[in-house]
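A quick write-up on the structure given underneath.
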Amino acid sequence: MGLALFLRSSQSASVFDVFSVFLVLGLILNSPVLCHGGVTSSFVRKVEKTVDMPLDSDVFAVPSGYNAPQQVHITQGDVEGKAVIVSWTTMKKPGSNKVLYWKELSKEKMEANGNIAKYKFYDYTSGYIHHCTIEHLEHDTKYYYEVGVGKSSRTFWFITPPQTGPDVPYTFGLIGDLGQSYDSNTTLTHYEENPLKGQTVLFVGDLSYADNYPNHDNTRWDTWGRFVERSVAYHPWIWTAGNHEIDFAPEIGETEPFKPFSHRYPTPYKASNSTSPFWYSIKRGPAYIIVLASYSAYGKYTPQYKWLQKEFPKVNRSETPWLIVLMHAPWYNSYNYHYMEGETMRVMYEPWFVQYKVDVVFAGHVHAYERSKRVSNIAYTIVNGICKPVEDLSAPVYVTIGDGGNQEGLATNMTEPQPDYSAFREASFGHAVFDIKNRTHAYYAWHRNQDGYPVEADNMWFFNRIWYPMDDSARASS
């Protein structure tokens, strides 16, 4: 509305008229920007360099005691959620490869034995890396576990997921591209303080960013492991491999992709009949989670393609109604960073995503936040020229959440105008939660780091694509 419409006569304009002008202009300037597509947030984060925390930061502190276990972390150890993989590192000696564990309030301690390995990367030699799978656990039960020996032993706990079922409530946290900067620490702290407590983190790739240091300094893998221990030793993180996990450096003689990541962060891939730790599936509560590998071969006839082709028909939506896919490189991305890097995988797999009615896809890679509408782009046949994304209620919502806070900083350069498929985008660091209520509804919320809690910068009520396939785009409020 033009200013002249308010100031009809400079002689007769009252103080109230002038106040109204500035009030309306203020509302306009502080509102989300409505674009050709959805909403581009008007929030502008202060531009400042993202800096890694120094090595003597308290978040990197080595635990006390001789050869004490450090970098303790857990992930799911099977498909059903009745096994946990416990991992830790000892730096001076191998120490014990055993895990003692017991149910809360029980005096009976059980024992599991694991494996120990080391690896070398250029001029770095790792500590002794332990992996131990605890099996035959009971659902929805709190267990304590102990690693290490004598005065250097350390005790942690975890809670197994409830038995799979369509109306079992469960809450997932979502973090990606974390790194180990001051902003990374803010992201993790805000996630920990979120009143809507996540029970498991779905991590969409790019962990330590050690490859950004000279010679891929692997001591930064150790510091990152100590940094996130405060969360991942108690709540399983489900791992997705990103580009910063590749660590391919032939210029220094390192030609084995994913060497540090694969030695440190195991996944239960064999349980889902995968031939690689970088793509696999698990069930957790009411959700069936498929993890894909953006940086492993995915074309037709490849192992990943053949596995996924068999995987989708196995999903029983009466048992696990929520179908979630994790990957690193996003398929729908309206930032000028990593633009269309996921396009070839999208062309290969998107028809399956629509056919099997995937509910939501979470990705990282782009260091910002974006949520799409339910869209697909599967009509193109070379000759018909139909190559524009269209709204499709059988398609998933695509969320980019590569905004953990790593040292590379934010992606701030967006494509203009905002594409039709983009519902909301903002260049900020943050985390999200996906809170499944029952077989029909899930509440999703994204929190930017600058906000206190329980303030949410973006949220949406998801309607399940099988049990309540209504249009949920109108239920988003940003």
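Labels used: A, B, ... for chains in the order of the structure tokens, numbers from 1 for residues in each chain, and numbers from 1 for ligands as shown.
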
- prompt: Any idea what's packed within 10 Å of Arg220 (chain A), counting only C-alpha atoms, ignoring anything in its chain fewer than 2 positions away? Could you give it as a ChimeraX atom specification?
  reply: /A:55,60,179-180,208-213,216-218,222-226

Would you mind listing what lies within 12 Å of region 160-167 of chain A as an mmCIF file with N, CA and C atoms, in the first residue's frame, with only C-alpha atoms counted and same-chain residues fewer than 4 positions away left out?
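Result saved to selection_15.cif:
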```
data_model
loop_
_atom_site.group_PDB
_atom_site.id
_atom_site.type_symbol
_atom_site.label_atom_id
_atom_site.label_comp_id
_atom_site.auth_asym_id
_atom_site.auth_seq_id
_atom_site.Cartn_x
_atom_site.Cartn_y
_atom_site.Cartn_z
ATOM 1 N N ILE A 74 26.577 -44.479 21.248
ATOM 2 C CA ILE A 74 25.736 -45.639 20.969
ATOM 3 C C ILE A 74 24.885 -45.372 19.727
ATOM 4 N N THR A 75 24.535 -46.449 19.069
ATOM 5 C CA THR A 75 23.584 -46.409 17.967
ATOM 6 C C THR A 75 22.789 -47.700 17.994
ATOM 7 N N GLN A 76 21.728 -47.746 17.226
ATOM 8 C CA GLN A 76 20.913 -48.963 17.195
ATOM 9 C C GLN A 76 21.719 -50.109 16.597
ATOM 10 N N GLY A 77 21.512 -51.312 17.145
ATOM 11 C CA GLY A 77 22.332 -52.447 16.748
ATOM 12 C C GLY A 77 21.632 -53.516 15.935
ATOM 13 N N ASP A 78 20.353 -53.307 15.631
ATOM 14 C CA ASP A 78 19.600 -54.262 14.823
ATOM 15 C C ASP A 78 18.482 -53.504 14.128
ATOM 16 N N VAL A 79 17.572 -54.219 13.501
ATOM 17 C CA VAL A 79 16.440 -53.560 12.836
ATOM 18 C C VAL A 79 15.341 -53.214 13.830
ATOM 19 N N GLU A 80 15.060 -54.108 14.770
ATOM 20 C CA GLU A 80 13.885 -54.006 15.622
ATOM 21 C C GLU A 80 14.045 -53.096 16.830
ATOM 22 N N GLY A 81 15.284 -52.730 17.200
ATOM 23 C CA GLY A 81 15.483 -51.873 18.360
ATOM 24 C C GLY A 81 15.735 -52.616 19.649
ATOM 25 N N LYS A 82 16.135 -53.903 19.551
ATOM 26 C CA LYS A 82 16.427 -54.694 20.742
ATOM 27 C C LYS A 82 17.925 -54.948 20.904
ATOM 28 N N ALA A 83 18.735 -54.179 20.165
ATOM 29 C CA ALA A 83 20.195 -54.272 20.292
ATOM 30 C C ALA A 83 20.778 -52.867 20.190
ATOM 31 N N VAL A 84 21.900 -52.682 20.867
ATOM 32 C CA VAL A 84 22.604 -51.394 20.883
ATOM 33 C C VAL A 84 24.083 -51.643 20.631
ATOM 34 N N ILE A 85 24.677 -50.858 19.751
ATOM 35 C CA ILE A 85 26.126 -50.898 19.547
ATOM 36 C C ILE A 85 26.760 -49.826 20.432
ATOM 37 N N LYS A 103 19.639 -53.867 33.884
ATOM 38 C CA LYS A 103 18.397 -53.112 33.883
ATOM 39 C C LYS A 103 18.311 -52.250 35.139
ATOM 40 N N GLU A 104 17.644 -51.128 35.006
ATOM 41 C CA GLU A 104 17.435 -50.260 36.160
ATOM 42 C C GLU A 104 16.752 -51.028 37.284
ATOM 43 N N ILE A 134 25.283 -55.092 22.211
ATOM 44 C CA ILE A 134 24.472 -55.702 23.273
ATOM 45 C C ILE A 134 23.151 -56.139 22.647
ATOM 46 N N GLU A 135 22.845 -57.418 22.742
ATOM 47 C CA GLU A 135 21.667 -57.962 22.068
ATOM 48 C C GLU A 135 20.622 -58.453 23.073
ATOM 49 N N HIS A 136 19.469 -58.799 22.543
ATOM 50 C CA HIS A 136 18.364 -59.408 23.307
ATOM 51 C C HIS A 136 17.898 -58.504 24.450
ATOM 52 N N LEU A 137 17.846 -57.229 24.173
ATOM 53 C CA LEU A 137 17.349 -56.280 25.166
ATOM 54 C C LEU A 137 15.824 -56.258 25.156
ATOM 55 N N GLU A 138 15.253 -55.783 26.245
ATOM 56 C CA GLU A 138 13.794 -55.646 26.328
ATOM 57 C C GLU A 138 13.395 -54.258 25.842
ATOM 58 N N HIS A 139 12.254 -54.186 25.196
ATOM 59 C CA HIS A 139 11.756 -52.895 24.716
ATOM 60 C C HIS A 139 11.379 -51.989 25.882
ATOM 61 N N ASP A 140 11.490 -50.683 25.629
ATOM 62 C CA ASP A 140 11.020 -49.644 26.557
ATOM 63 C C ASP A 140 11.559 -49.858 27.974
ATOM 64 N N THR A 141 12.860 -50.088 28.049
ATOM 65 C CA THR A 141 13.504 -50.404 29.325
ATOM 66 C C THR A 141 14.778 -49.577 29.479
ATOM 67 N N LYS A 142 15.007 -49.087 30.671
ATOM 68 C CA LYS A 142 16.230 -48.332 30.949
ATOM 69 C C LYS A 142 17.329 -49.290 31.388
ATOM 70 N N TYR A 143 18.472 -49.187 30.718
ATOM 71 C CA TYR A 143 19.645 -49.991 31.043
ATOM 72 C C TYR A 143 20.805 -49.074 31.406
ATOM 73 N N TYR A 144 21.610 -49.516 32.339
ATOM 74 C CA TYR A 144 22.894 -48.878 32.613
ATOM 75 C C TYR A 144 23.992 -49.732 31.986
ATOM 76 N N THR A 171 9.665 -39.489 19.795
ATOM 77 C CA THR A 171 10.194 -38.189 19.396
ATOM 78 C C THR A 171 11.632 -38.310 18.914
ATOM 79 N N PHE A 172 11.880 -37.818 17.705
ATOM 80 C CA PHE A 172 13.214 -37.808 17.121
ATOM 81 C C PHE A 172 13.772 -36.385 17.121
ATOM 82 N N GLY A 198 13.966 -35.110 22.605
ATOM 83 C CA GLY A 198 14.199 -36.145 21.617
ATOM 84 C C GLY A 198 14.711 -37.405 22.273
ATOM 85 N N GLN A 199 14.263 -38.557 21.782
ATOM 86 C CA GLN A 199 14.697 -39.836 22.337
ATOM 87 C C GLN A 199 15.814 -40.470 21.510
ATOM 88 N N THR A 200 15.918 -40.057 20.264
ATOM 89 C CA THR A 200 16.940 -40.534 19.340
ATOM 90 C C THR A 200 17.233 -39.403 18.368
ATOM 91 N N TYR A 234 24.146 -41.480 25.694
ATOM 92 C CA TYR A 234 22.890 -41.787 26.379
ATOM 93 C C TYR A 234 21.720 -42.006 25.415
ATOM 94 N N HIS A 235 21.747 -41.317 24.289
ATOM 95 C CA HIS A 235 20.685 -41.426 23.300
ATOM 96 C C HIS A 235 21.305 -41.833 21.970
ATOM 97 N N PRO A 236 20.799 -42.871 21.334
ATOM 98 C CA PRO A 236 21.415 -43.298 20.073
ATOM 99 C C PRO A 236 21.285 -42.234 18.986
ATOM 100 N N ILE A 282 16.222 -49.222 9.745
ATOM 101 C CA ILE A 282 15.873 -49.643 11.095
ATOM 102 C C ILE A 282 14.405 -49.322 11.346
ATOM 103 N N LYS A 283 13.849 -49.981 12.336
ATOM 104 C CA LYS A 283 12.544 -49.611 12.864
ATOM 105 C C LYS A 283 12.762 -49.020 14.254
ATOM 106 N N ARG A 284 11.993 -48.013 14.571
ATOM 107 C CA ARG A 284 12.091 -47.442 15.908
ATOM 108 C C ARG A 284 10.718 -46.888 16.286
ATOM 109 N N GLY A 285 10.053 -47.570 17.229
ATOM 110 C CA GLY A 285 8.706 -47.161 17.599
ATOM 111 C C GLY A 285 7.771 -47.264 16.405
ATOM 112 N N PRO A 286 7.124 -46.159 16.031
ATOM 113 C CA PRO A 286 6.164 -46.185 14.926
ATOM 114 C C PRO A 286 6.799 -45.844 13.581
ATOM 115 N N ALA A 287 8.124 -45.763 13.530
ATOM 116 C CA ALA A 287 8.804 -45.272 12.328
ATOM 117 C C ALA A 287 9.667 -46.347 11.677
ATOM 118 N N TYR A 288 9.664 -46.333 10.356
ATOM 119 C CA TYR A 288 10.587 -47.125 9.550
ATOM 120 C C TYR A 288 11.540 -46.123 8.905
ATOM 121 N N ASN A 316 5.909 -52.369 6.305
ATOM 122 C CA ASN A 316 4.539 -52.653 6.710
ATOM 123 C C ASN A 316 3.983 -51.417 7.419
ATOM 124 N N ARG A 317 3.179 -50.641 6.725
ATOM 125 C CA ARG A 317 2.695 -49.387 7.302
ATOM 126 C C ARG A 317 1.617 -49.615 8.369
ATOM 127 N N SER A 318 1.158 -50.826 8.528
ATOM 128 C CA SER A 318 0.277 -51.135 9.656
ATOM 129 C C SER A 318 1.073 -51.299 10.940
ATOM 130 N N GLU A 319 2.325 -51.659 10.815
ATOM 131 C CA GLU A 319 3.213 -51.809 11.968
ATOM 132 C C GLU A 319 3.996 -50.527 12.223
ATOM 133 N N THR A 320 4.607 -49.982 11.171
ATOM 134 C CA THR A 320 5.390 -48.741 11.256
ATOM 135 C C THR A 320 4.821 -47.761 10.230
ATOM 136 N N PRO A 321 3.810 -46.998 10.618
ATOM 137 C CA PRO A 321 3.121 -46.136 9.651
ATOM 138 C C PRO A 321 3.960 -44.989 9.113
ATOM 139 N N TRP A 322 4.958 -44.550 9.863
ATOM 140 C CA TRP A 322 5.738 -43.385 9.445
ATOM 141 C C TRP A 322 6.998 -43.833 8.724
ATOM 142 N N LEU A 323 7.095 -43.455 7.450
ATOM 143 C CA LEU A 323 8.235 -43.826 6.609
ATOM 144 C C LEU A 323 9.121 -42.590 6.414
ATOM 145 N N ILE A 436 6.214 -37.826 16.851
ATOM 146 C CA ILE A 436 5.127 -38.661 16.343
ATOM 147 C C ILE A 436 4.130 -38.915 17.474
ATOM 148 N N LYS A 437 2.886 -38.555 17.225
ATOM 149 C CA LYS A 437 1.838 -38.705 18.238
ATOM 150 C C LYS A 437 1.135 -40.058 18.135
ATOM 151 N N ASN A 438 0.810 -40.450 16.908
ATOM 152 C CA ASN A 438 0.092 -41.700 16.652
ATOM 153 C C ASN A 438 0.240 -42.020 15.165
ATOM 154 N N ARG A 439 -0.580 -42.912 14.635
ATOM 155 C CA ARG A 439 -0.429 -43.324 13.239
ATOM 156 C C ARG A 439 -0.831 -42.236 12.251
ATOM 157 N N THR A 440 -1.538 -41.220 12.696
ATOM 158 C CA THR A 440 -2.043 -40.205 11.765
ATOM 159 C C THR A 440 -1.331 -38.862 11.854
ATOM 160 N N HIS A 441 -0.826 -38.490 13.030
ATOM 161 C CA HIS A 441 -0.310 -37.141 13.226
ATOM 162 C C HIS A 441 1.097 -37.138 13.829
ATOM 163 N N ALA A 442 1.890 -36.186 13.363
ATOM 164 C CA ALA A 442 3.209 -35.914 13.948
ATOM 165 C C ALA A 442 3.424 -34.414 13.940
ATOM 166 N N ASN A 464 -0.071 -38.412 8.200
ATOM 167 C CA ASN A 464 0.528 -39.612 7.623
ATOM 168 C C ASN A 464 -0.054 -39.906 6.243
ATOM 169 N N ILE A 466 -0.432 -42.648 4.616
ATOM 170 C CA ILE A 466 -1.251 -43.855 4.470
ATOM 171 C C ILE A 466 -2.530 -43.746 5.293
ATOM 172 N N TRP A 467 -2.398 -43.348 6.544
ATOM 173 C CA TRP A 467 -3.521 -43.402 7.471
ATOM 174 C C TRP A 467 -4.358 -42.132 7.510
#
```

query: Quick one: distance from CA of Asn449 (chain A) to CA of Gln70 (chain A) in Å, one decimal?
result: 27.8 Å

- prompt: Out of region 270-387 of chain A, which residues get strand (DSSP E) from DSSP, as a ChimeraX atom specification?
  reply: /A:280-284,287-291,322-326,360-363,369-376

message: With only C-alpha atoms as the counted atoms, please give the residues lying no more than 9 Å from Asp206 (chain A), apart from itself and same-chain residues fewer than 5 positions off, as a list in words.
response: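 Surrounding residues, per the criterion: Gly176, Asp177, Leu178, Gly179, Thr240, Ala241, Gly242, Asn243, His244, Glu245, His328, Gly364, His365, Gly402 and Asn406 of chain A.
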
- request: Output as a PyMOL selection string all residues of region 163-409 of chain A that backbone DSSP marks as helix (DSSP H, G or I).
  value: chain A and resi 182-193+210-212+214-216+219-232+243-245+250-252+259-264+269-272+303-314+343-355

query: Which residue gives the smallest distance to Trp221 (chain A) among A:Trp157, A:Tyr305, A:Phe121, A:Tyr269, with only C-alpha atoms counted?
result: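 The closest residue to Trp221 (chain A) is A:Phe121.
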
Please identify every residue of region 188-244 of chain A that has at least one atom no farther than 12 Å from an atom of region 454-463 of chain A, counting only C-alpha atoms, and for each give the shortest atom pair and the distance in Å to one decimal, arranged by chain then increasing number, as JSON lines.
```
{"residue": "A:His190", "atom": "CA", "partner": "A:Pro454", "partner_atom": "CA", "distance": 10.4}
{"residue": "A:Tyr191", "atom": "CA", "partner": "A:Pro454", "partner_atom": "CA", "distance": 11.2}
{"residue": "A:Glu193", "atom": "CA", "partner": "A:Pro454", "partner_atom": "CA", "distance": 9.6}
{"residue": "A:Asn194", "atom": "CA", "partner": "A:Pro454", "partner_atom": "CA", "distance": 7.2}
{"residue": "A:Pro195", "atom": "CA", "partner": "A:Pro454", "partner_atom": "CA", "distance": 7.0}
{"residue": "A:Leu196", "atom": "CA", "partner": "A:Pro454", "partner_atom": "CA", "distance": 8.7}
{"residue": "A:Lys197", "atom": "CA", "partner": "A:Pro454", "partner_atom": "CA", "distance": 11.7}
```

message: as a ChimeraX atom specification, please: the residues near Leu188 (chain A) (cut-off 9 Å, only C-alpha atoms, same-chain neighbours under 4 positions excluded).
response: /A:175,178,183-184,192-193,228,231,404,430-431
